[in-house]
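Working notes, structure below.
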Amino acid sequence: MTERGEVAFGDSRIEYRVVRSARRRKTMEVTIDKPGRVIVAAPLDTPESRINEFVRRRAGWIIRHDGAVASMPPERRFVSGESLPYLGRAVRLSVHRVEQGPVKVSFQHWQFDVDVPDALHGDERHSQVRSAFEAWYRKRAALKLPPRVERMAQLLGVQPSAVLIRNQSQRWASCAPDGTLRFNWRTVMAPPALIDYIVAHELAHLRIREHNAEYWAFLAQAVPDYRLRRQRLREYGQQLCF
Ligand SMILES: [Zn+2]
């Protein structure tokens with residue numbers, strides 16, 4: 001059975017797997033296998049509490065190296081005063097009860113006005129309001145992304161065959177072998193600088209599929225500070241769940 005443990009540190013949560021080895025005499029070692037996957041190598045007889053303490057002491061380092069798991073998305077309730085992100089800004093919701101009709105989302109002066117029929121309650125209300133917002137974000141994505149794609153494509157000297165807006169909860173965007181770029185509609189929740197990074201990242205894959213040195217150098221032509229933006233996107237991504 002795999003031995004696992006967990007450490008909470010500030011707002012972050014670290015989950016780790018323990019690999020015990022007879023060859024290891026005294027020391028423990030933490031490695032990060034990939035983002036969110038922490039492995040602790042420990043001698044056979046190390047008590048669990050010592051391993052946990054060891055991880056806790058290295059929590060800062062682990063988090064800086066991407067070892068923390070994405071925090072749980074905030075529970076959306078879609079009530080007045082709550083806010084949703086758009087282009088990196090928190091946009092407040094003002095919810096109005098209406099007698100009938102569909103749920104309606106409108107956006108004006110950086111505020112969401114949401115009409116919700118009185119008869120809707122509980123899960124039904126939640127899912128209908130959520131769909132109305134998804135439809136709104138999809139429309140915005142279809143409006144905002146193509147010009148940015150065009151500008152970045154010019155900088156990089158590439159041309160996508162199509163740009164589609166999709167619901168991909170696990171990723172921001174993807175680039176298919178046939179040159180089609182697919183963007184998560186949640187992309188427009190992010191600040192413009194990060195949207196441009198997402199766009200340029202996929203466009204650069206039109207030239208180079210892998211994330212090798214050549215790829216990053218090519219991407220840097222359009223986004224010289226891509227390292228910084230990539231880091232910010234990782235931090236930001238955790239807030240964007242919906
Ligand atoms: Zn990539």
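Going by the structure tokens order, chains are called A, B, ..., each with residues numbered from 1, while ligands are numbered from 1 in the order shown.
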**OP:** Compile the contact shell of A:His121 as a VMD selection string: residues with an atom at most 12 Å away, counting only C-alpha atoms, same-chain residues fewer than 6 positions apart removed.
**Re:** chain A and resid 77 to 78 97 127 to 129
Subject >> Site check for ligand 1: residues at most 7 Å away, only C-alpha atoms and all ligand atoms, as a PyMOL selection string >> reply: chain A and resi 201-202+205+211
Mind writing the picked residues with N, CA and C atoms as an mmCIF file, in the first residue's frame?
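As written to disk, selection07.cif reads:
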```cif
data_model
loop_
_atom_site.group_PDB
_atom_site.id
_atom_site.type_symbol
_atom_site.label_atom_id
_atom_site.label_comp_id
_atom_site.auth_asym_id
_atom_site.auth_seq_id
_atom_site.Cartn_x
_atom_site.Cartn_y
_atom_site.Cartn_z
ATOM 1 N N HIS A 201 1.677 30.930 -26.340
ATOM 2 C CA HIS A 201 2.159 29.583 -26.020
ATOM 3 C C HIS A 201 1.646 28.570 -27.050
ATOM 4 N N GLU A 202 0.344 28.647 -27.337
ATOM 5 C CA GLU A 202 -0.227 27.688 -28.290
ATOM 6 C C GLU A 202 0.261 27.962 -29.708
ATOM 7 N N HIS A 205 3.484 26.516 -30.581
ATOM 8 C CA HIS A 205 3.451 25.075 -30.847
ATOM 9 C C HIS A 205 3.184 24.761 -32.318
ATOM 10 N N HIS A 211 8.165 21.213 -25.648
ATOM 11 C CA HIS A 211 8.654 22.326 -24.833
ATOM 12 C C HIS A 211 10.164 22.213 -24.700
#
```
Original post:
Using only C-alpha atoms, which of A:Arg229, A:Arg234, A:His126, A:Lys144 sits nearest A:Asp66?
Top reply: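 Once distances to A:Asp66 are computed over only C-alpha atoms, the minimum belongs to A:Arg234.
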**OP:** Just the strand (DSSP E) stuff from stretch 51-101 of chain A, please, per backbone DSSP, written as a PyMOL selection string.
**Re:** chain A and resi 83-86+89-98
Original post:
Any idea what's packed within 7 Å of stretch 131-136 of chain A, counting only C-alpha atoms, ignoring anything in its chain fewer than 4 positions away? Could you give it as a ChimeraX atom specification?
Top reply: /A:103-105,127,140
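Residues surrounding stretch 22-39 of chain A within 6 Å are Tyr16, Arg17, Val18, Ala42, Pro43, Leu44, Asp66, Gly67, Ala68 and Val69 of chain A [only C-alpha atoms; sequence separation below 3 positions excluded].
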Write out, as a CSV table (one decimal), in the first residue's frame, the residues just selected, with C-alpha atoms.
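File written: out-v4.csv
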```csv
chain,number,residue,atom,x,y,z
A,16,TYR,CA,3.1,13.6,-0.5
A,17,ARG,CA,3.9,10.0,-1.1
A,18,VAL,CA,6.5,8.2,1.0
A,42,ALA,CA,12.9,8.0,3.9
A,43,PRO,CA,14.8,5.2,5.7
A,44,LEU,CA,12.6,2.2,6.5
A,66,ASP,CA,5.3,24.0,-7.6
A,67,GLY,CA,4.7,21.1,-5.2
A,68,ALA,CA,1.5,22.3,-3.7
A,69,VAL,CA,-1.8,20.9,-5.0
```
List as an mmCIF file with all heavy atoms, in the first residue's frame the protein and nucleic acid residues near A:Leu233, meaning an atom at most 12 Å away when only C-alpha atoms are counted, but skip any in the same chain fewer than 3 places from it.
```
data_model
loop_
_atom_site.group_PDB
_atom_site.id
_atom_site.type_symbol
_atom_site.label_atom_id
_atom_site.label_comp_id
_atom_site.auth_asym_id
_atom_site.auth_seq_id
_atom_site.Cartn_x
_atom_site.Cartn_y
_atom_site.Cartn_z
ATOM 1 N N GLY A 88 -8.975 39.611 -15.566
ATOM 2 C CA GLY A 88 -8.140 39.807 -14.397
ATOM 3 C C GLY A 88 -8.737 40.703 -13.322
ATOM 4 O O GLY A 88 -8.129 40.908 -12.278
ATOM 5 N N ARG A 171 -7.468 22.428 -18.798
ATOM 6 C CA ARG A 171 -6.377 23.174 -19.434
ATOM 7 C C ARG A 171 -6.879 24.479 -20.029
ATOM 8 O O ARG A 171 -8.056 24.660 -20.279
ATOM 9 C CB ARG A 171 -5.716 22.311 -20.493
ATOM 10 C CG ARG A 171 -6.699 21.779 -21.520
ATOM 11 C CD ARG A 171 -6.148 20.593 -22.248
ATOM 12 N NE ARG A 171 -4.821 20.894 -22.775
ATOM 13 C CZ ARG A 171 -4.141 20.068 -23.560
ATOM 14 N NH1 ARG A 171 -4.654 18.914 -23.890
ATOM 15 N NH2 ARG A 171 -2.967 20.402 -24.006
ATOM 16 N N TRP A 172 -5.933 25.371 -20.254
ATOM 17 C CA TRP A 172 -6.265 26.674 -20.798
ATOM 18 C C TRP A 172 -6.534 26.615 -22.293
ATOM 19 O O TRP A 172 -7.407 27.279 -22.814
ATOM 20 C CB TRP A 172 -5.113 27.654 -20.574
ATOM 21 C CG TRP A 172 -4.944 28.046 -19.167
ATOM 22 C CD1 TRP A 172 -3.931 27.676 -18.331
ATOM 23 C CD2 TRP A 172 -5.812 28.881 -18.399
ATOM 24 N NE1 TRP A 172 -4.126 28.230 -17.098
ATOM 25 C CE2 TRP A 172 -5.259 28.973 -17.113
ATOM 26 C CE3 TRP A 172 -7.000 29.553 -18.680
ATOM 27 C CZ2 TRP A 172 -5.855 29.714 -16.107
ATOM 28 C CZ3 TRP A 172 -7.587 30.296 -17.677
ATOM 29 C CH2 TRP A 172 -7.026 30.370 -16.412
ATOM 30 N N THR A 187 -10.401 31.358 -20.245
ATOM 31 C CA THR A 187 -9.211 32.147 -20.548
ATOM 32 C C THR A 187 -9.459 33.643 -20.358
ATOM 33 O O THR A 187 -8.590 34.358 -19.863
ATOM 34 C CB THR A 187 -8.757 31.870 -22.003
ATOM 35 O OG1 THR A 187 -8.470 30.486 -22.117
ATOM 36 C CG2 THR A 187 -7.514 32.665 -22.363
ATOM 37 N N MET A 189 -11.087 35.073 -18.233
ATOM 38 C CA MET A 189 -11.107 35.479 -16.822
ATOM 39 C C MET A 189 -9.740 36.067 -16.426
ATOM 40 O O MET A 189 -9.638 36.876 -15.530
ATOM 41 C CB MET A 189 -11.404 34.272 -15.933
ATOM 42 C CG MET A 189 -12.836 33.766 -16.030
ATOM 43 S SD MET A 189 -13.031 32.291 -14.992
ATOM 44 C CE MET A 189 -14.818 32.251 -14.817
ATOM 45 N N ALA A 190 -8.700 35.641 -17.110
ATOM 46 C CA ALA A 190 -7.328 36.012 -16.733
ATOM 47 C C ALA A 190 -6.970 37.435 -17.172
ATOM 48 O O ALA A 190 -7.583 37.985 -18.080
ATOM 49 C CB ALA A 190 -6.356 35.010 -17.345
ATOM 50 N N PRO A 191 -5.962 38.033 -16.534
ATOM 51 C CA PRO A 191 -5.498 39.363 -16.960
ATOM 52 C C PRO A 191 -4.963 39.310 -18.404
ATOM 53 O O PRO A 191 -4.443 38.273 -18.816
ATOM 54 C CB PRO A 191 -4.346 39.678 -15.997
ATOM 55 C CG PRO A 191 -4.534 38.761 -14.847
ATOM 56 C CD PRO A 191 -5.228 37.543 -15.364
ATOM 57 N N PRO A 192 -5.097 40.414 -19.148
ATOM 58 C CA PRO A 192 -4.670 40.435 -20.549
ATOM 59 C C PRO A 192 -3.241 39.916 -20.787
ATOM 60 O O PRO A 192 -3.010 39.192 -21.755
ATOM 61 C CB PRO A 192 -4.789 41.912 -20.925
ATOM 62 C CG PRO A 192 -5.878 42.422 -20.034
ATOM 63 C CD PRO A 192 -5.734 41.678 -18.742
ATOM 64 N N ALA A 193 -2.315 40.243 -19.908
ATOM 65 C CA ALA A 193 -0.927 39.791 -20.107
ATOM 66 C C ALA A 193 -0.843 38.266 -20.070
ATOM 67 O O ALA A 193 -0.031 37.655 -20.771
ATOM 68 C CB ALA A 193 -0.015 40.384 -19.045
ATOM 69 N N LEU A 194 -1.685 37.659 -19.257
ATOM 70 C CA LEU A 194 -1.664 36.199 -19.159
ATOM 71 C C LEU A 194 -2.423 35.567 -20.321
ATOM 72 O O LEU A 194 -2.073 34.492 -20.799
ATOM 73 C CB LEU A 194 -2.234 35.736 -17.813
ATOM 74 C CG LEU A 194 -1.518 36.279 -16.577
ATOM 75 C CD1 LEU A 194 -1.965 35.550 -15.319
ATOM 76 C CD2 LEU A 194 -0.010 36.177 -16.714
ATOM 77 N N ILE A 195 -3.471 36.250 -20.790
ATOM 78 C CA ILE A 195 -4.178 35.766 -21.988
ATOM 79 C C ILE A 195 -3.203 35.736 -23.158
ATOM 80 O O ILE A 195 -3.127 34.754 -23.898
ATOM 81 C CB ILE A 195 -5.387 36.669 -22.331
ATOM 82 C CG1 ILE A 195 -6.408 36.649 -21.190
ATOM 83 C CG2 ILE A 195 -6.043 36.213 -23.641
ATOM 84 C CD1 ILE A 195 -7.597 37.576 -21.410
ATOM 85 N N ASP A 196 -2.430 36.805 -23.293
ATOM 86 C CA ASP A 196 -1.452 36.846 -24.382
ATOM 87 C C ASP A 196 -0.426 35.723 -24.258
ATOM 88 O O ASP A 196 0.007 35.166 -25.253
ATOM 89 C CB ASP A 196 -0.739 38.199 -24.421
ATOM 90 C CG ASP A 196 -1.619 39.261 -25.063
ATOM 91 O OD1 ASP A 196 -2.604 38.893 -25.744
ATOM 92 O OD2 ASP A 196 -1.331 40.458 -24.883
ATOM 93 N N TYR A 197 -0.053 35.420 -23.032
ATOM 94 C CA TYR A 197 0.888 34.313 -22.846
ATOM 95 C C TYR A 197 0.250 32.996 -23.298
ATOM 96 O O TYR A 197 0.871 32.207 -24.017
ATOM 97 C CB TYR A 197 1.340 34.199 -21.378
ATOM 98 C CG TYR A 197 2.080 32.905 -21.146
ATOM 99 C CD1 TYR A 197 3.397 32.756 -21.573
ATOM 100 C CD2 TYR A 197 1.434 31.816 -20.586
ATOM 101 C CE1 TYR A 197 4.057 31.550 -21.434
ATOM 102 C CE2 TYR A 197 2.085 30.598 -20.438
ATOM 103 C CZ TYR A 197 3.396 30.478 -20.867
ATOM 104 O OH TYR A 197 4.046 29.272 -20.736
ATOM 105 N N ILE A 198 -1.003 32.769 -22.893
ATOM 106 C CA ILE A 198 -1.708 31.528 -23.268
ATOM 107 C C ILE A 198 -1.791 31.429 -24.799
ATOM 108 O O ILE A 198 -1.517 30.380 -25.392
ATOM 109 C CB ILE A 198 -3.124 31.489 -22.646
ATOM 110 C CG1 ILE A 198 -3.043 31.427 -21.119
ATOM 111 C CG2 ILE A 198 -3.922 30.300 -23.192
ATOM 112 C CD1 ILE A 198 -4.364 31.705 -20.404
ATOM 113 N N HIS A 201 1.677 30.930 -26.340
ATOM 114 C CA HIS A 201 2.159 29.583 -26.020
ATOM 115 C C HIS A 201 1.646 28.570 -27.050
ATOM 116 O O HIS A 201 2.408 27.759 -27.569
ATOM 117 C CB HIS A 201 1.709 29.200 -24.609
ATOM 118 C CG HIS A 201 2.204 27.865 -24.160
ATOM 119 N ND1 HIS A 201 3.108 27.710 -23.137
ATOM 120 C CD2 HIS A 201 1.945 26.617 -24.622
ATOM 121 C CE1 HIS A 201 3.382 26.422 -22.995
ATOM 122 N NE2 HIS A 201 2.679 25.732 -23.875
ATOM 123 N N TYR A 226 8.181 35.561 -20.773
ATOM 124 C CA TYR A 226 7.278 34.407 -20.662
ATOM 125 C C TYR A 226 7.439 33.639 -19.353
ATOM 126 O O TYR A 226 6.486 33.100 -18.824
ATOM 127 C CB TYR A 226 7.452 33.455 -21.864
ATOM 128 C CG TYR A 226 8.745 32.702 -21.862
ATOM 129 C CD1 TYR A 226 8.862 31.504 -21.177
ATOM 130 C CD2 TYR A 226 9.861 33.203 -22.533
ATOM 131 C CE1 TYR A 226 10.058 30.812 -21.155
ATOM 132 C CE2 TYR A 226 11.053 32.517 -22.514
ATOM 133 C CZ TYR A 226 11.151 31.325 -21.825
ATOM 134 O OH TYR A 226 12.334 30.655 -21.793
ATOM 135 N N ARG A 227 8.682 33.616 -18.806
ATOM 136 C CA ARG A 227 8.895 32.886 -17.553
ATOM 137 C C ARG A 227 8.022 33.442 -16.437
ATOM 138 O O ARG A 227 7.377 32.710 -15.696
ATOM 139 C CB ARG A 227 10.349 33.006 -17.096
ATOM 140 C CG ARG A 227 11.250 31.970 -17.665
ATOM 141 C CD ARG A 227 12.678 32.303 -17.234
ATOM 142 N NE ARG A 227 13.612 32.039 -18.303
ATOM 143 C CZ ARG A 227 14.142 30.846 -18.530
ATOM 144 N NH1 ARG A 227 13.853 29.834 -17.738
ATOM 145 N NH2 ARG A 227 14.948 30.655 -19.534
ATOM 146 N N LEU A 228 8.049 34.762 -16.344
ATOM 147 C CA LEU A 228 7.289 35.457 -15.315
ATOM 148 C C LEU A 228 5.791 35.208 -15.499
ATOM 149 O O LEU A 228 5.067 34.903 -14.560
ATOM 150 C CB LEU A 228 7.591 36.955 -15.416
ATOM 151 C CG LEU A 228 6.932 37.846 -14.382
ATOM 152 C CD1 LEU A 228 7.555 37.602 -13.019
ATOM 153 C CD2 LEU A 228 7.086 39.303 -14.776
ATOM 154 N N ARG A 229 5.345 35.330 -16.746
ATOM 155 C CA ARG A 229 3.910 35.167 -17.001
ATOM 156 C C ARG A 229 3.460 33.730 -16.750
ATOM 157 O O ARG A 229 2.356 33.480 -16.284
ATOM 158 C CB ARG A 229 3.582 35.566 -18.442
ATOM 159 C CG ARG A 229 3.848 37.035 -18.685
ATOM 160 C CD ARG A 229 3.165 37.509 -19.925
ATOM 161 N NE ARG A 229 3.885 38.634 -20.521
ATOM 162 C CZ ARG A 229 3.433 39.343 -21.545
ATOM 163 N NH1 ARG A 229 2.275 39.039 -22.083
ATOM 164 N NH2 ARG A 229 4.140 40.326 -22.028
ATOM 165 N N ARG A 230 4.346 32.813 -17.080
ATOM 166 C CA ARG A 230 4.028 31.409 -16.868
ATOM 167 C C ARG A 230 3.834 31.135 -15.377
ATOM 168 O O ARG A 230 2.915 30.439 -14.966
ATOM 169 C CB ARG A 230 5.197 30.591 -17.406
ATOM 170 C CG ARG A 230 4.934 29.136 -17.511
ATOM 171 C CD ARG A 230 6.013 28.532 -18.375
ATOM 172 N NE ARG A 230 5.951 27.093 -18.326
ATOM 173 C CZ ARG A 230 6.971 26.337 -17.974
ATOM 174 N NH1 ARG A 230 8.128 26.882 -17.663
ATOM 175 N NH2 ARG A 230 6.849 25.034 -17.952
ATOM 176 N N TYR A 236 -2.318 32.094 -10.696
ATOM 177 C CA TYR A 236 -3.628 32.622 -11.002
ATOM 178 C C TYR A 236 -4.633 31.529 -11.322
ATOM 179 O O TYR A 236 -5.792 31.623 -10.967
ATOM 180 C CB TYR A 236 -3.516 33.571 -12.208
ATOM 181 C CG TYR A 236 -4.635 34.553 -12.254
ATOM 182 C CD1 TYR A 236 -4.601 35.684 -11.454
ATOM 183 C CD2 TYR A 236 -5.736 34.336 -13.073
ATOM 184 C CE1 TYR A 236 -5.637 36.575 -11.479
ATOM 185 C CE2 TYR A 236 -6.774 35.235 -13.089
ATOM 186 C CZ TYR A 236 -6.720 36.348 -12.297
ATOM 187 O OH TYR A 236 -7.752 37.220 -12.306
ATOM 188 N N GLY A 237 -4.138 30.497 -11.990
ATOM 189 C CA GLY A 237 -5.018 29.432 -12.460
ATOM 190 C C GLY A 237 -5.878 28.823 -11.366
ATOM 191 O O GLY A 237 -7.006 28.401 -11.610
ATOM 192 N N GLN A 238 -5.341 28.837 -10.154
ATOM 193 C CA GLN A 238 -6.070 28.194 -9.075
ATOM 194 C C GLN A 238 -7.337 28.954 -8.700
ATOM 195 O O GLN A 238 -8.243 28.399 -8.120
ATOM 196 C CB GLN A 238 -5.167 28.079 -7.854
ATOM 197 C CG GLN A 238 -3.871 27.410 -8.210
ATOM 198 C CD GLN A 238 -3.032 27.078 -7.016
ATOM 199 O OE1 GLN A 238 -3.332 27.487 -5.909
ATOM 200 N NE2 GLN A 238 -1.982 26.329 -7.237
ATOM 201 N N GLN A 239 -7.367 30.246 -9.037
ATOM 202 C CA GLN A 239 -8.554 31.023 -8.671
ATOM 203 C C GLN A 239 -9.630 30.937 -9.749
ATOM 204 O O GLN A 239 -10.730 31.418 -9.560
ATOM 205 C CB GLN A 239 -8.214 32.501 -8.549
ATOM 206 C CG GLN A 239 -7.150 32.824 -7.558
ATOM 207 C CD GLN A 239 -6.742 34.271 -7.718
ATOM 208 O OE1 GLN A 239 -7.551 35.122 -8.064
ATOM 209 N NE2 GLN A 239 -5.472 34.551 -7.483
ATOM 210 N N LEU A 240 -9.280 30.394 -10.879
ATOM 211 C CA LEU A 240 -10.167 30.527 -12.025
ATOM 212 C C LEU A 240 -11.199 29.421 -12.176
ATOM 213 O O LEU A 240 -11.895 29.377 -13.163
ATOM 214 C CB LEU A 240 -9.362 30.634 -13.314
ATOM 215 C CG LEU A 240 -8.511 31.885 -13.413
ATOM 216 C CD1 LEU A 240 -7.970 32.030 -14.804
ATOM 217 C CD2 LEU A 240 -9.301 33.117 -13.040
#
```
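Using only C-alpha atoms, the nearest neighbour of A:Arg56 within the list A:Arg4, A:Lys139, A:Arg148, A:Arg13 is A:Arg13.
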Give me the residues near A:Gly101 as a PDB file with N, CA, C and O atoms, in the first residue's frame, where near means some atom within 9 Å (using only C-alpha atoms) and where sequence neighbours in that chain fewer than 2 positions away do not count.
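Generated output (around-v2.pdb):
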```pdb
ATOM      1  N   VAL A  98     -36.565  38.261 -10.632  1.00  0.00           N
ATOM      2  CA  VAL A  98     -37.601  38.642 -11.583  1.00  0.00           C
ATOM      3  C   VAL A  98     -38.696  37.576 -11.541  1.00  0.00           C
ATOM      4  O   VAL A  98     -38.469  36.460 -11.093  1.00  0.00           O
ATOM      5  N   GLU A  99     -39.887  37.953 -12.004  1.00  0.00           N
ATOM      6  CA  GLU A  99     -41.012  37.016 -11.893  1.00  0.00           C
ATOM      7  C   GLU A  99     -40.845  35.802 -12.787  1.00  0.00           C
ATOM      8  O   GLU A  99     -41.105  34.681 -12.384  1.00  0.00           O
ATOM      9  N   VAL A 103     -32.726  33.062 -16.997  1.00  0.00           N
ATOM     10  CA  VAL A 103     -31.677  33.772 -16.262  1.00  0.00           C
ATOM     11  C   VAL A 103     -30.950  34.655 -17.274  1.00  0.00           C
ATOM     12  O   VAL A 103     -30.632  34.214 -18.378  1.00  0.00           O
ATOM     13  N   LYS A 104     -30.737  35.902 -16.903  1.00  0.00           N
ATOM     14  CA  LYS A 104     -30.082  36.813 -17.847  1.00  0.00           C
ATOM     15  C   LYS A 104     -28.874  37.468 -17.195  1.00  0.00           C
ATOM     16  O   LYS A 104     -28.979  38.018 -16.099  1.00  0.00           O
ATOM     17  N   ASP A 115     -30.415  38.651 -13.782  1.00  0.00           N
ATOM     18  CA  ASP A 115     -31.839  38.464 -13.503  1.00  0.00           C
ATOM     19  C   ASP A 115     -32.095  36.995 -13.238  1.00  0.00           C
ATOM     20  O   ASP A 115     -31.781  36.146 -14.069  1.00  0.00           O
ATOM     21  N   VAL A 116     -32.665  36.699 -12.093  1.00  0.00           N
ATOM     22  CA  VAL A 116     -32.944  35.304 -11.747  1.00  0.00           C
ATOM     23  C   VAL A 116     -34.427  35.162 -11.416  1.00  0.00           C
ATOM     24  O   VAL A 116     -34.921  35.832 -10.505  1.00  0.00           O
ATOM     25  N   PRO A 117     -35.138  34.305 -12.139  1.00  0.00           N
ATOM     26  CA  PRO A 117     -36.564  34.123 -11.849  1.00  0.00           C
ATOM     27  C   PRO A 117     -36.789  33.611 -10.434  1.00  0.00           C
ATOM     28  O   PRO A 117     -36.037  32.762  -9.942  1.00  0.00           O
TER      29      PRO A 117
END
```
Near-A:Tyr137 list (8 Å; only C-alpha atoms; drop same-chain fewer than 5 positions) as a tab-separated table (two decimals) with all heavy atoms, in the first residue's frame:
```
chain	number	residue	atom	x	y	z
A	185	TRP	N	-12.98	28.64	-22.45
A	185	TRP	CA	-13.68	29.93	-22.32
A	185	TRP	C	-13.26	30.69	-21.07
A	185	TRP	O	-13.38	31.90	-21.00
A	185	TRP	CB	-15.21	29.76	-22.37
A	185	TRP	CG	-15.79	28.77	-21.39
A	185	TRP	CD1	-16.10	27.46	-21.64
A	185	TRP	CD2	-16.13	28.99	-20.01
A	185	TRP	NE1	-16.61	26.86	-20.51
A	185	TRP	CE2	-16.64	27.77	-19.50
A	185	TRP	CE3	-16.05	30.09	-19.16
A	185	TRP	CZ2	-17.07	27.63	-18.18
A	185	TRP	CZ3	-16.48	29.95	-17.85
A	185	TRP	CH2	-16.98	28.73	-17.37
A	186	ARG	N	-12.71	29.97	-20.09
A	186	ARG	CA	-12.25	30.62	-18.85
A	186	ARG	C	-11.02	31.50	-19.07
A	186	ARG	O	-10.64	32.28	-18.20
A	186	ARG	CB	-11.92	29.56	-17.80
A	186	ARG	CG	-13.11	28.76	-17.33
A	186	ARG	CD	-12.64	27.56	-16.53
A	186	ARG	NE	-13.72	26.71	-16.06
A	186	ARG	CZ	-14.30	25.78	-16.81
A	186	ARG	NH1	-13.91	25.58	-18.05
A	186	ARG	NH2	-15.26	25.03	-16.31
A	188	VAL	N	-10.66	34.11	-20.73
A	188	VAL	CA	-10.91	35.56	-20.61
A	188	VAL	C	-11.10	36.02	-19.16
A	188	VAL	O	-11.24	37.20	-18.89
A	188	VAL	CB	-12.12	36.04	-21.46
A	188	VAL	CG1	-11.77	36.05	-22.93
A	188	VAL	CG2	-13.38	35.23	-21.16
```
**OP:** Name the residues of stretch 1-240 of chain A that fall into helix (DSSP H, G or I) according to DSSP on the backbone, using the chain letters and numbers of this document, as an NGL selection string.
**Re:** :A and (48-57 or 59-64 or 122-156 or 185-189 or 192-207 or 213-220 or 226-237)
**OP:** For atom CA of A:Arg207 and atom CA of A:Phe183, quote the distance in Å rounded to one decimal.
**Re:**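 According to the coordinates, atom CA of A:Arg207 and atom CA of A:Phe183 are separated by 18.1 Å.
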Subject >> Distance in Å - atom CA of A:Val79 versus atom CA of A:Leu145 >> reply: 28.4 Å
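For the pair atom CA of A:Val158 and atom CA of A:Arg209, the separation is 13.2 Å.
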